[in-house]
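Containing mmCIF, C-alpha atoms: data14.cif.
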data_coords
loop_
_atom_site.label_atom_id
_atom_site.label_comp_id
_atom_site.auth_asym_id
_atom_site.auth_seq_id
_atom_site.Cartn_x
_atom_site.Cartn_y
_atom_site.Cartn_z
CA MET A 170 14.21 -109.93 37.84
CA ILE A 171 10.98 -111.65 36.73
CA LEU A 172 8.86 -108.71 37.96
CA SER A 173 11.09 -106.17 36.28
CA SER A 174 11.02 -108.06 33.00
CA CYS A 175 7.19 -108.25 33.12
CA GLY A 176 6.96 -104.55 33.84
CA GLN A 177 9.30 -103.79 30.98
CA GLY A 178 7.22 -105.95 28.55
CA SER A 179 4.00 -104.20 29.46
CA SER A 180 5.55 -100.79 29.00
CA ASP A 181 6.92 -101.82 25.58
CA ALA A 182 3.41 -102.98 24.52
CA ALA A 183 1.94 -99.69 25.63
CA LYS A 184 4.60 -97.78 23.67
CA LYS A 185 3.86 -99.85 20.55
CA LYS A 186 0.12 -99.23 20.94
CA GLY A 187 0.69 -95.54 21.37
CA ALA A 188 2.97 -95.51 18.34
CA ALA A 189 0.20 -97.05 16.22
CA GLY A 190 -2.14 -94.12 17.04
CA PRO A 191 -5.91 -93.83 16.37
CA PRO A 192 -7.34 -96.15 13.71
CA GLN A 193 -7.53 -94.72 10.21
CA VAL A 194 -11.01 -94.69 8.64
CA GLY A 195 -12.33 -93.65 5.25
CA TYR A 196 -15.34 -91.38 4.93
CA VAL A 197 -17.60 -89.93 2.27
CA VAL A 198 -19.28 -86.54 2.44
CA VAL A 199 -23.04 -86.95 1.87
CA GLN A 200 -25.28 -84.41 0.20
CA PRO A 201 -29.03 -84.59 -0.48
CA SER A 202 -29.91 -85.92 -3.92
CA SER A 203 -33.02 -86.68 -5.94
CA VAL A 204 -34.07 -90.30 -5.42
CA ALA A 205 -37.11 -91.93 -7.01
CA VAL A 206 -39.68 -93.43 -4.64
CA THR A 207 -40.09 -96.80 -6.37
CA ALA A 208 -42.91 -99.25 -5.78
CA GLU A 209 -43.12 -102.88 -6.93
CA LEU A 210 -46.67 -104.14 -6.83
CA SER A 211 -48.57 -107.14 -8.13
CA GLY A 212 -50.92 -106.78 -11.07
CA ARG A 213 -53.12 -108.73 -13.45
CA VAL A 214 -53.36 -108.29 -17.21
CA THR A 215 -56.76 -107.19 -18.55
CA ALA A 216 -57.91 -106.87 -22.16
CA PHE A 217 -58.22 -103.35 -23.57
CA GLU A 218 -61.68 -104.15 -24.97
CA THR A 219 -63.88 -107.20 -24.41
CA SER A 220 -67.07 -108.05 -26.25
CA GLU A 221 -69.35 -111.02 -25.63
CA VAL A 222 -71.16 -111.76 -28.88
CA ARG A 223 -74.85 -112.53 -28.31
CA PRO A 224 -77.76 -112.94 -30.76
CA GLN A 225 -80.44 -110.26 -30.97
CA VAL A 226 -82.98 -112.58 -32.60
CA ALA A 227 -83.93 -116.20 -31.99
CA GLY A 228 -83.36 -119.00 -34.45
CA LEU A 229 -81.11 -121.82 -35.62
CA ILE A 230 -77.47 -121.16 -36.50
CA LYS A 231 -76.96 -122.07 -40.15
CA LYS A 232 -73.26 -121.10 -40.58
CA ARG A 233 -70.22 -120.04 -38.60
CA LEU A 234 -68.25 -117.59 -40.75
CA PHE A 235 -64.96 -117.15 -38.85
CA THR A 236 -61.91 -119.16 -37.79
CA GLU A 237 -61.52 -119.69 -34.08
CA GLY A 238 -58.55 -117.83 -32.61
CA SER A 239 -58.21 -115.46 -35.56
CA ILE A 240 -58.41 -111.67 -35.77
CA VAL A 241 -61.88 -110.39 -36.65
CA HIS A 242 -62.82 -106.83 -37.59
CA ALA A 243 -65.69 -104.66 -36.49
CA GLY A 244 -68.77 -105.30 -38.68
CA GLN A 245 -67.54 -108.67 -39.92
CA THR A 246 -70.28 -111.32 -40.01
CA LEU A 247 -69.61 -114.11 -37.53
CA TYR A 248 -72.79 -116.23 -37.60
CA GLN A 249 -75.73 -116.64 -39.95
CA ILE A 250 -79.06 -117.40 -38.25
CA ASP A 251 -81.88 -118.93 -40.31
CA PRO A 252 -83.62 -115.88 -41.85
CA SER A 253 -86.74 -117.59 -43.25
CA LEU A 254 -89.25 -116.39 -40.64
CA TYR A 255 -87.83 -112.86 -40.63
CA GLN A 256 -87.96 -112.62 -44.42
CA ALA A 257 -91.64 -113.58 -44.29
CA ALA A 258 -92.29 -111.04 -41.54
CA ALA A 259 -90.62 -108.33 -43.61
CA ALA A 260 -92.68 -109.24 -46.65
CA GLU A 261 -95.88 -109.14 -44.59
CA ALA A 262 -94.97 -105.75 -43.16
CA SER A 263 -94.28 -104.44 -46.66
CA ALA A 264 -97.72 -105.63 -47.88
CA ASN A 265 -99.45 -104.03 -44.88
CA LEU A 266 -97.71 -100.76 -45.66
CA GLN A 267 -98.95 -100.84 -49.26
CA SER A 268 -102.51 -101.52 -48.07
CA ALA A 269 -102.34 -98.67 -45.57
CA ARG A 270 -101.09 -96.29 -48.24
CA ALA A 271 -103.99 -97.25 -50.54
CA THR A 272 -106.52 -96.69 -47.76
CA ALA A 273 -104.93 -93.36 -46.90
CA GLU A 274 -105.07 -92.22 -50.53
CA ALA A 275 -108.79 -93.03 -50.77
CA ALA A 276 -109.51 -91.21 -47.50
CA ARG A 277 -107.53 -88.15 -48.66
CA VAL A 278 -109.41 -87.94 -51.97
CA LYS A 279 -112.76 -88.25 -50.20
CA ALA A 280 -111.90 -85.50 -47.74
CA GLU A 281 -110.80 -83.18 -50.59
CA ARG A 282 -114.09 -83.77 -52.44
CA TYR A 283 -116.15 -83.02 -49.35
CA ARG A 284 -114.41 -79.69 -48.69
CA PRO A 285 -116.07 -77.60 -51.48
CA LEU A 286 -119.36 -79.39 -50.99
CA ALA A 287 -119.36 -78.51 -47.31
CA GLN A 288 -118.64 -74.86 -48.21
CA MET A 289 -121.65 -74.87 -50.54
CA GLN A 290 -123.64 -76.71 -47.87
CA ALA A 291 -124.23 -79.55 -50.31
CA VAL A 292 -123.14 -81.94 -47.61
CA SER A 293 -123.26 -81.46 -43.90
CA ALA A 294 -120.24 -80.10 -42.05
CA GLN A 295 -120.19 -83.24 -39.94
CA ASP A 296 -119.69 -85.42 -43.03
CA TYR A 297 -116.69 -83.33 -44.05
CA THR A 298 -115.30 -83.48 -40.52
CA ASP A 299 -115.62 -87.28 -40.46
CA ALA A 300 -113.96 -87.59 -43.87
CA ALA A 301 -111.00 -85.40 -42.81
CA ALA A 302 -110.58 -87.39 -39.57
CA THR A 303 -110.64 -90.66 -41.54
CA ALA A 304 -107.88 -89.32 -43.81
CA ARG A 305 -105.71 -88.41 -40.84
CA GLN A 306 -106.27 -91.85 -39.29
CA ALA A 307 -105.26 -93.46 -42.57
CA ASN A 308 -102.04 -91.43 -42.61
CA ALA A 309 -101.30 -92.60 -39.04
CA ALA A 310 -101.88 -96.20 -40.13
CA VAL A 311 -99.34 -95.68 -42.90
CA ALA A 312 -96.77 -94.47 -40.36
CA GLN A 313 -97.46 -97.50 -38.15
CA SER A 314 -97.08 -99.91 -41.04
CA ASN A 315 -93.86 -98.19 -42.07
CA ALA A 316 -92.47 -98.62 -38.52
CA GLN A 317 -93.44 -102.29 -38.53
CA LEU A 318 -91.65 -102.74 -41.83
CA GLN A 319 -88.50 -101.12 -40.43
CA THR A 320 -88.64 -103.42 -37.38
CA ALA A 321 -89.01 -106.47 -39.61
CA ARG A 322 -86.05 -105.38 -41.73
CA ILE A 323 -83.91 -104.79 -38.62
CA ASN A 324 -84.74 -108.25 -37.31
CA LEU A 325 -83.87 -109.69 -40.71
CA ARG A 326 -80.51 -107.87 -40.60
CA PHE A 327 -79.88 -109.26 -37.11
CA THR A 328 -79.91 -112.78 -38.52
CA ARG A 329 -76.33 -111.97 -39.58
CA VAL A 330 -74.46 -111.60 -36.27
CA PRO A 331 -71.62 -109.05 -36.72
CA SER A 332 -68.45 -108.46 -34.69
CA PRO A 333 -68.88 -105.38 -32.44
CA ILE A 334 -65.11 -104.69 -32.15
CA THR A 335 -61.82 -105.55 -33.80
CA GLY A 336 -59.81 -108.13 -31.87
CA ARG A 337 -58.93 -111.78 -31.41
CA ILE A 338 -61.91 -114.10 -31.14
CA GLY A 339 -61.88 -117.22 -28.99
CA ARG A 340 -63.58 -120.55 -29.50
CA SER A 341 -67.18 -120.75 -30.62
CA LEU A 342 -69.48 -121.86 -27.80
CA PHE A 343 -72.32 -122.75 -30.23
CA THR A 344 -72.11 -124.92 -33.33
CA GLU A 345 -74.13 -124.99 -36.53
CA GLY A 346 -77.67 -126.20 -35.88
CA ALA A 347 -77.80 -124.87 -32.31
CA LEU A 348 -80.87 -122.90 -31.24
CA VAL A 349 -80.10 -119.42 -29.90
CA THR A 350 -82.42 -116.92 -28.23
CA THR A 351 -82.30 -113.21 -27.49
CA ASN A 352 -82.19 -113.66 -23.69
CA GLN A 353 -79.65 -116.46 -23.42
CA THR A 354 -76.95 -116.30 -20.73
CA ASP A 355 -74.00 -117.80 -22.62
CA PRO A 356 -72.38 -115.74 -25.40
CA LEU A 357 -71.79 -117.19 -28.84
CA ALA A 358 -68.09 -116.21 -28.61
CA VAL A 359 -65.82 -113.69 -26.84
CA ILE A 360 -63.68 -111.11 -28.67
CA GLN A 361 -60.78 -109.34 -26.92
CA ARG A 362 -58.59 -106.50 -28.10
CA LEU A 363 -55.04 -107.18 -26.91
CA ASP A 364 -53.06 -104.26 -28.38
CA PRO A 365 -52.88 -102.04 -26.42
CA ILE A 366 -53.56 -103.86 -23.16
CA PHE A 367 -54.23 -102.95 -19.53
CA VAL A 368 -52.53 -104.10 -16.32
CA ASP A 369 -54.54 -103.57 -13.12
CA ILE A 370 -52.15 -102.95 -10.22
CA GLN A 371 -53.11 -103.33 -6.56
CA GLN A 372 -51.67 -100.89 -4.01
CA SER A 373 -52.56 -100.91 -0.31
CA SER A 374 -54.43 -97.89 0.97
CA ALA A 375 -51.87 -97.53 3.80
CA ASP A 376 -48.99 -97.09 1.31
CA MET A 377 -51.01 -94.56 -0.65
CA LEU A 378 -51.71 -92.54 2.52
CA ALA A 379 -48.00 -92.58 3.43
CA LEU A 380 -47.10 -91.28 -0.03
CA ARG A 381 -49.66 -88.50 0.17
CA ARG A 382 -48.34 -87.42 3.58
CA ALA A 383 -44.81 -87.32 2.20
CA LEU A 384 -45.98 -85.21 -0.72
CA ALA A 385 -47.78 -82.83 1.64
CA LYS A 386 -44.69 -82.31 3.82
CA GLY A 387 -42.58 -81.08 0.92
CA GLY A 388 -39.34 -82.33 -0.48
CA VAL A 389 -41.18 -85.03 -2.44
CA THR A 390 -42.59 -84.31 -5.88
CA PRO A 391 -44.76 -86.54 -8.09
CA ALA A 392 -42.88 -88.50 -10.74
CA SER A 393 -43.82 -89.36 -14.28
CA ALA A 394 -46.17 -92.31 -14.37
CA ASN A 395 -43.96 -94.72 -16.32
CA VAL A 396 -44.33 -98.42 -15.45
CA ARG A 397 -42.09 -101.41 -16.12
CA LEU A 398 -43.26 -105.01 -15.91
CA LYS A 399 -41.70 -108.21 -14.62
CA LEU A 400 -43.39 -111.28 -16.06
CA GLU A 401 -44.23 -114.51 -14.26
CA ASP A 402 -40.93 -116.14 -15.23
CA GLY A 403 -38.95 -113.20 -13.79
CA SER A 404 -38.02 -111.67 -17.15
CA ASP A 405 -38.54 -107.99 -17.92
CA TYR A 406 -41.20 -106.92 -20.39
CA GLY A 407 -39.30 -104.63 -22.72
CA VAL A 408 -42.09 -102.11 -23.33
CA VAL A 409 -42.63 -99.24 -20.86
CA GLY A 410 -46.23 -98.41 -20.00
CA THR A 411 -48.01 -95.46 -18.41
CA VAL A 412 -50.48 -95.21 -15.53
CA GLU A 413 -53.90 -94.19 -16.86
CA PHE A 414 -55.79 -93.60 -13.61
CA SER A 415 -56.44 -94.89 -10.09
CA GLU A 416 -59.74 -95.92 -8.54
CA VAL A 417 -61.49 -93.51 -6.19
CA MET A 418 -62.55 -96.24 -3.78
CA VAL A 419 -60.85 -98.88 -1.64
CA ASN A 420 -61.74 -102.54 -2.04
CA GLN A 421 -63.37 -103.52 1.27
CA SER A 422 -62.24 -107.15 1.13
CA THR A 423 -58.56 -106.51 0.27
CA GLY A 424 -57.95 -102.95 1.48
CA THR A 425 -56.29 -102.02 -1.81
CA VAL A 426 -56.71 -99.37 -4.49
CA THR A 427 -56.55 -100.35 -8.18
CA LEU A 428 -54.17 -98.51 -10.51
CA ARG A 429 -54.58 -99.14 -14.24
CA ALA A 430 -51.54 -99.02 -16.55
CA ARG A 431 -51.57 -99.18 -20.33
CA PHE A 432 -48.97 -101.09 -22.38
CA ALA A 433 -48.37 -101.65 -26.05
CA ASN A 434 -48.62 -105.36 -26.89
CA PRO A 435 -47.76 -105.70 -30.59
CA GLU A 436 -46.43 -109.26 -30.32
CA GLY A 437 -49.21 -110.53 -28.04
CA VAL A 438 -46.86 -111.48 -25.19
CA LEU A 439 -49.29 -110.22 -22.54
CA LEU A 440 -52.51 -112.21 -22.30
CA PRO A 441 -55.59 -111.46 -20.18
CA GLY A 442 -55.41 -113.12 -16.77
CA MET A 443 -51.61 -113.21 -16.51
CA PHE A 444 -49.94 -112.09 -13.27
CA ALA A 445 -47.09 -109.58 -13.39
CA ARG A 446 -45.04 -107.35 -11.10
CA ALA A 447 -45.27 -103.64 -11.88
CA VAL A 448 -42.30 -101.42 -11.02
CA PHE A 449 -42.86 -97.67 -11.22
CA ASP A 450 -41.68 -94.40 -9.71
CA GLN A 451 -44.49 -92.85 -7.70
CA ALA A 452 -42.55 -89.74 -6.62
CA ILE A 453 -39.09 -88.18 -6.36
CA ASP A 454 -37.58 -87.48 -2.92
CA ARG A 455 -35.21 -84.51 -3.26
CA GLN A 456 -33.94 -84.67 0.35
CA ALA A 457 -32.63 -88.24 0.47
CA PHE A 458 -29.02 -89.32 1.06
CA LEU A 459 -27.29 -92.20 -0.74
CA VAL A 460 -24.94 -94.03 1.65
CA PRO A 461 -22.71 -96.94 0.54
CA GLN A 462 -23.87 -100.21 2.02
CA ALA A 463 -20.49 -100.73 3.71
CA GLY A 464 -21.14 -97.73 5.94
CA LEU A 465 -24.49 -98.89 7.35
CA SER A 466 -25.15 -101.64 9.89
CA ARG A 467 -28.22 -102.85 11.76
CA ASP A 468 -28.72 -103.85 15.36
CA PRO A 469 -30.69 -106.97 16.46
CA ARG A 470 -33.91 -104.92 16.34
CA GLY A 471 -33.31 -103.94 12.74
CA ASN A 472 -32.47 -100.29 13.42
CA ALA A 473 -30.02 -98.78 10.93
CA THR A 474 -26.85 -97.13 12.29
CA VAL A 475 -23.98 -95.25 10.68
CA TYR A 476 -20.78 -93.72 12.09
CA VAL A 477 -19.93 -90.14 11.23
CA VAL A 478 -16.80 -88.12 11.88
CA GLY A 479 -17.60 -85.94 14.91
CA PRO A 480 -15.82 -83.00 16.53
CA ASN A 481 -12.17 -83.58 17.47
CA ASN A 482 -12.07 -86.57 15.09
CA LYS A 483 -14.21 -88.84 17.19
CA ALA A 484 -16.52 -91.58 15.88
CA VAL A 485 -20.16 -90.64 16.50
CA ALA A 486 -22.93 -93.23 16.05
CA ARG A 487 -26.13 -92.07 14.33
CA THR A 488 -29.44 -93.90 14.09
CA VAL A 489 -30.92 -93.34 10.64
CA VAL A 490 -33.94 -94.40 8.61
CA ALA A 491 -33.01 -96.52 5.59
CA ASP A 492 -35.92 -98.61 4.34
CA ARG A 493 -34.72 -99.42 0.80
CA ALA A 494 -31.63 -99.74 -1.35
CA ILE A 495 -30.73 -98.60 -4.85
CA GLY A 496 -27.90 -100.62 -6.34
CA ASP A 497 -25.02 -100.69 -3.83
CA LYS A 498 -26.30 -97.76 -1.75
CA TRP A 499 -28.87 -97.33 1.00
CA VAL A 500 -31.44 -94.54 0.71
CA VAL A 501 -31.35 -92.65 4.02
CA THR A 502 -34.33 -90.36 4.56
CA GLN A 503 -33.76 -89.35 8.21
CA GLY A 504 -30.79 -88.99 10.57
CA LEU A 505 -28.23 -87.25 8.35
CA ALA A 506 -27.51 -83.63 7.46
CA PRO A 507 -25.83 -82.13 4.39
CA GLY A 508 -22.07 -82.28 4.69
CA ASP A 509 -21.89 -85.13 7.21
CA LYS A 510 -18.83 -87.35 6.86
CA VAL A 511 -20.10 -90.93 6.93
CA ILE A 512 -17.45 -93.56 7.67
CA VAL A 513 -17.51 -96.34 5.09
CA GLN A 514 -14.04 -97.90 5.54
CA GLY A 515 -12.50 -99.31 8.69
CA THR A 516 -15.85 -99.72 10.48
CA GLY A 517 -15.06 -103.17 11.92
CA ASN A 518 -13.48 -101.96 15.18
CA LEU A 519 -15.37 -98.70 15.64
CA ARG A 520 -17.00 -97.85 18.92
CA PRO A 521 -18.84 -94.70 19.89
CA ASN A 522 -16.67 -91.69 20.83
CA ILE A 523 -13.26 -93.27 20.13
CA ASP A 524 -10.50 -91.25 18.50
CA ILE A 525 -10.08 -91.83 14.77
CA ARG A 526 -7.89 -90.60 11.96
CA PRO A 527 -10.30 -89.84 9.06
CA VAL A 528 -9.24 -89.72 5.41
CA PRO A 529 -11.37 -89.57 2.24
CA ALA A 530 -12.63 -92.99 1.26
CA SER A 531 -11.00 -92.77 -2.15
CA GLN A 532 -7.52 -92.39 -0.55
CA ALA A 533 -5.59 -95.59 0.00
CA GLN A 534 -5.05 -96.49 3.62
CA GLN A 535 -1.34 -96.31 4.59
CA ILE A 536 -0.08 -98.88 7.08
CA GLN A 537 3.40 -98.32 8.45
CA ALA A 538 5.50 -100.99 10.13
CA PRO A 539 6.53 -100.39 13.77
CA LYS A 540 9.88 -98.68 14.30
CA GLY A 541 11.37 -101.76 15.98
CA ASP A 542 10.62 -103.87 12.93
CA GLN A 543 12.15 -101.27 10.62
CA GLY A 544 15.40 -101.32 12.66
CA ALA A 545 15.52 -105.09 12.56
CA SER A 546 15.06 -105.12 8.83
CA LYS A 547 17.84 -102.59 8.37
CA ALA A 548 20.17 -104.60 10.59
CA LYS A 549 19.33 -107.71 8.61
CA GLY A 550 20.13 -105.93 5.42
CA ASN A 551 23.43 -104.74 6.76
#

What's the structure tokens form of this structure?
Amino acid sequence: MILSSCGQGSSDAAKKKGAAGPPQVGYVVVQPSSVAVTAELSGRVTAFETSEVRPQVAGLIKKRLFTEGSIVHAGQTLYQIDPSLYQAAAAEASANLQSARATAEAARVKAERYRPLAQMQAVSAQDYTDAAATARQANAAVAQSNAQLQTARINLRFTRVPSPITGRIGRSLFTEGALVTTNQTDPLAVIQRLDPIFVDIQQSSADMLALRRALAKGGVTPASANVRLKLEDGSDYGVVGTVEFSEVMVNQSTGTVTLRARFANPEGVLLPGMFARAVFDQAIDRQAFLVPQAGLSRDPRGNATVYVVGPNNKAVARTVVADRAIGDKWVVTQGLAPGDKVIVQGTGNLRPNIDIRPVPASQAQQIQAPKGDQGASKAKGN
């Protein structure tokens, strides 16, 4: 009796299992779509224009004519160097020019007087030749004196140190009364233009080679060079920038290539030297598949695997390449074909090549109670 009862229990369990049938799973049909190849790289903010103000003449600084940290404009006078010596040099050059002009006038008149006399042989031809040469030398001396006067005036103008560019000026490194020279190493002040502003982005040469290979194979097209920034505190910089150019050489010490992006900076949020994360679309992959994250798993080695609905409604395991995610979906670049039915629901108990009952993932899964339970419930109701 015990053996018969055990045999009857096992047969009832088998009947119940058979009545349940293959597990129901939900699937989605995947098709290739256009997916942006996004890169997030580190970058450093650089001023659009930088000018180190240096003196072009030597002397003592008499006045500083700007406010530190303010906006200065191109041509605005920043420092006044003592002009006394340069005013005297200009006056001396002007007097030398007047003297040279007087000498040249006398030599010209003498040469003109000798010309008819030489034709009449009243004076020797050599005397006329010497007089004409003296006149030409006097004219050359006038030109030299004029050039010296221009140089003296330029040096006098350089005693007023102007701003080469428009931008925000920093602190003054020299005070009134300091002696400055034309060959000094330290600048008087530094001016930087901050709107617009540059961000220098570093990308490894290996990643750039991989992108170029993908573009050469087809299916991947270059994207617009729009760049978004994440600041040091993790917040997003609201203004979108554009990539201006990339360097044509690799940095030997870091193995990276520099990309330069340009951003508008009207409020001065970005400052030179700041670190930021640049997010931009380098290309668009038109043969990628977007698979819900619930349908993809990874083995201990990190390989990505999905289950697809195979022939005769069997679960087939596929190894795919999914190296990044967009929102709640994985971007699969290899391992799937258009029209594949990827299982995204009921994946917990799946094993390769088991029978399944596939339904679209949007359809609610129907679970029916066993027939024995239904009969019991009816009897209880009666």

### Message
Since I can't run it myself right now, could you work out what the PyMOL selection byres ((chain A and resi 359) around 8) selects here and report it as JSON, numbers by chain?
### Response
{"A": [219, 220, 221, 222, 338, 339, 340, 356, 357, 358, 360, 361]}

### Query
What is the distance, in Å and to one decimal place, between CA of Ala271 (chain A) and CA of Asp296 (chain A)?
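Separation of CA of Ala271 (chain A) and CA of Asp296 (chain A): 21.0 Å.
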
### Query
Taking the file as shown, what set of residues would the PyMOL selection byres ((chain A and resi 310) around 9) give back, as a list of chain:residue names?
A:Leu266, A:Ala269, A:Arg270, A:Thr272, A:Ala273, A:Arg305, A:Gln306, A:Ala307, A:Asn308, A:Ala309, A:Val311, A:Ala312, A:Gln313, A:Ser314, A:Asn315

Restricting the output to C-alpha atoms, write the selected residues as a PDB file, in the frame of the given file.
ATOM      1  CA  LEU A 266     -97.710-100.760 -45.660  1.00  0.00           C
ATOM      2  CA  ALA A 269    -102.340 -98.670 -45.570  1.00  0.00           C
ATOM      3  CA  ARG A 270    -101.090 -96.290 -48.240  1.00  0.00           C
ATOM      4  CA  THR A 272    -106.520 -96.690 -47.760  1.00  0.00           C
ATOM      5  CA  ALA A 273    -104.930 -93.360 -46.900  1.00  0.00           C
ATOM      6  CA  ARG A 305    -105.710 -88.410 -40.840  1.00  0.00           C
ATOM      7  CA  GLN A 306    -106.270 -91.850 -39.290  1.00  0.00           C
ATOM      8  CA  ALA A 307    -105.260 -93.460 -42.570  1.00  0.00           C
ATOM      9  CA  ASN A 308    -102.040 -91.430 -42.610  1.00  0.00           C
ATOM     10  CA  ALA A 309    -101.300 -92.600 -39.040  1.00  0.00           C
ATOM     11  CA  VAL A 311     -99.340 -95.680 -42.900  1.00  0.00           C
ATOM     12  CA  ALA A 312     -96.770 -94.470 -40.360  1.00  0.00           C
ATOM     13  CA  GLN A 313     -97.460 -97.500 -38.150  1.00  0.00           C
ATOM     14  CA  SER A 314     -97.080 -99.910 -41.040  1.00  0.00           C
ATOM     15  CA  ASN A 315     -93.860 -98.190 -42.070  1.00  0.00           C
TER      16      ASN A 315
END

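Here CA of Gln317 (chain A) and CA of Ala275 (chain A) stand 21.7 Å from one another.
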
### Task
Evaluate the PyMOL selection byres ((chain A and resi 241) around 7) here and jot the selected residues down as a list in words.
Ser239, Ile240, His242, Ala243, Gln245, Thr335, Gly336, Arg337 and Ile338 of chain A

### Query
In terms of the shortest atom-to-atom distance over all atoms listed in the file, which of A:Val489, A:Ala484, A:Ala257, A:Leu428 is closest to Ser415 (chain A)?
A:Leu428

Using all atoms listed in the file, which protein or nucleic acid residues come within 9 Å of region 279-289 of chain A? Drop anything in the same chain fewer than 2 positions from it, and give the result as a PDB file with C-alpha atoms, in the coordinates of the input.
ATOM      1  CA  GLU A 274    -105.070 -92.220 -50.530  1.00  0.00           C
ATOM      2  CA  ALA A 275    -108.790 -93.030 -50.770  1.00  0.00           C
ATOM      3  CA  ALA A 276    -109.510 -91.210 -47.500  1.00  0.00           C
ATOM      4  CA  ARG A 277    -107.530 -88.150 -48.660  1.00  0.00           C
ATOM      5  CA  ALA A 291    -124.230 -79.550 -50.310  1.00  0.00           C
ATOM      6  CA  VAL A 292    -123.140 -81.940 -47.610  1.00  0.00           C
ATOM      7  CA  SER A 293    -123.260 -81.460 -43.900  1.00  0.00           C
ATOM      8  CA  ALA A 294    -120.240 -80.100 -42.050  1.00  0.00           C
ATOM      9  CA  GLN A 295    -120.190 -83.240 -39.940  1.00  0.00           C
ATOM     10  CA  ASP A 296    -119.690 -85.420 -43.030  1.00  0.00           C
ATOM     11  CA  TYR A 297    -116.690 -83.330 -44.050  1.00  0.00           C
ATOM     12  CA  THR A 298    -115.300 -83.480 -40.520  1.00  0.00           C
ATOM     13  CA  ASP A 299    -115.620 -87.280 -40.460  1.00  0.00           C
ATOM     14  CA  ALA A 300    -113.960 -87.590 -43.870  1.00  0.00           C
ATOM     15  CA  ALA A 301    -111.000 -85.400 -42.810  1.00  0.00           C
ATOM     16  CA  ALA A 302    -110.580 -87.390 -39.570  1.00  0.00           C
ATOM     17  CA  THR A 303    -110.640 -90.660 -41.540  1.00  0.00           C
ATOM     18  CA  ALA A 304    -107.880 -89.320 -43.810  1.00  0.00           C
TER      19      ALA A 304
END

### Task
Could you please determine the separation between CA of Val214 (chain A) and CA of Gly238 (chain A) in Å, to one decimal place?
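If I compute the distance from CA of Val214 (chain A) to CA of Gly238 (chain A), I get 18.8 Å.
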
### Task
Give the answer as one residue: which of A:Thr207, A:Thr344, A:Asn518, A:Ser268 has the shortest atom-to-atom distance to Pro192 (chain A), using all atoms listed in the file?
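Checking each of A:Thr207, A:Thr344, A:Asn518, A:Ser268 against Pro192 (chain A), counting all atoms listed in the file, the winner is A:Asn518.
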
Output as a Markdown table one row per residue of region 184-273 of chain A within 12 Å of region 455-475 of chain A: the closest atom pair and its distance in Å to one decimal place, counting all atoms listed in the file, sorted by chain and residue number ascending.
| residue | atom | partner | partner_atom | distance |
| --- | --- | --- | --- | --- |
| A:Val194 | CA | A:Gly464 | CA | 10.9 |
| A:Gly195 | CA | A:Gly464 | CA | 9.7 |
| A:Tyr196 | CA | A:Gly464 | CA | 8.7 |
| A:Val197 | CA | A:Val460 | CA | 8.4 |
| A:Val198 | CA | A:Val460 | CA | 9.4 |
| A:Val199 | CA | A:Phe458 | CA | 6.5 |
| A:Gln200 | CA | A:Phe458 | CA | 6.2 |
| A:Pro201 | CA | A:Phe458 | CA | 5.0 |
| A:Ser202 | CA | A:Arg455 | CA | 5.5 |
| A:Ser203 | CA | A:Arg455 | CA | 4.1 |
| A:Val204 | CA | A:Arg455 | CA | 6.3 |
| A:Ala205 | CA | A:Arg455 | CA | 8.5 |
| A:Val206 | CA | A:Arg455 | CA | 10.1 |

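Among the candidate residues A:Ala264, A:Val426, A:Leu440, A:Ile512, the one lying nearest to Ser374 (chain A) is A:Val426, with distances computed using only C-alpha atoms.
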
### Message
Just checking: using all atoms listed in the file, which residue out of A:Gln290, A:Ser211, A:Gln225, A:Gln193 ends up closest to Val349 (chain A)?
### Response
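With all atoms listed in the file as the atom set, the closest residue is A:Gln225.
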
### Task
Can you work out which one of A:Gln514, A:Asn434, A:Val419, A:Val501 has the shortest atom-to-atom distance to Ser531 (chain A), counting all atoms listed in the file?
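Result for the nearest residue to Ser531 (chain A): A:Gln514.
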
### Query
Excluding same-chain residues fewer than 2 positions from region 399-413 of chain A, what lies within 8 Å of it counting only C-alpha atoms, as a ChimeraX atom specification?
/A:394-397,415,428-433,443-448

### Query
Of the candidates A:Ile250, A:Val485, A:Leu342, A:Ala258, which shows the shortest atom-to-atom distance to Arg322 (chain A), using only C-alpha atoms?
A:Ala258
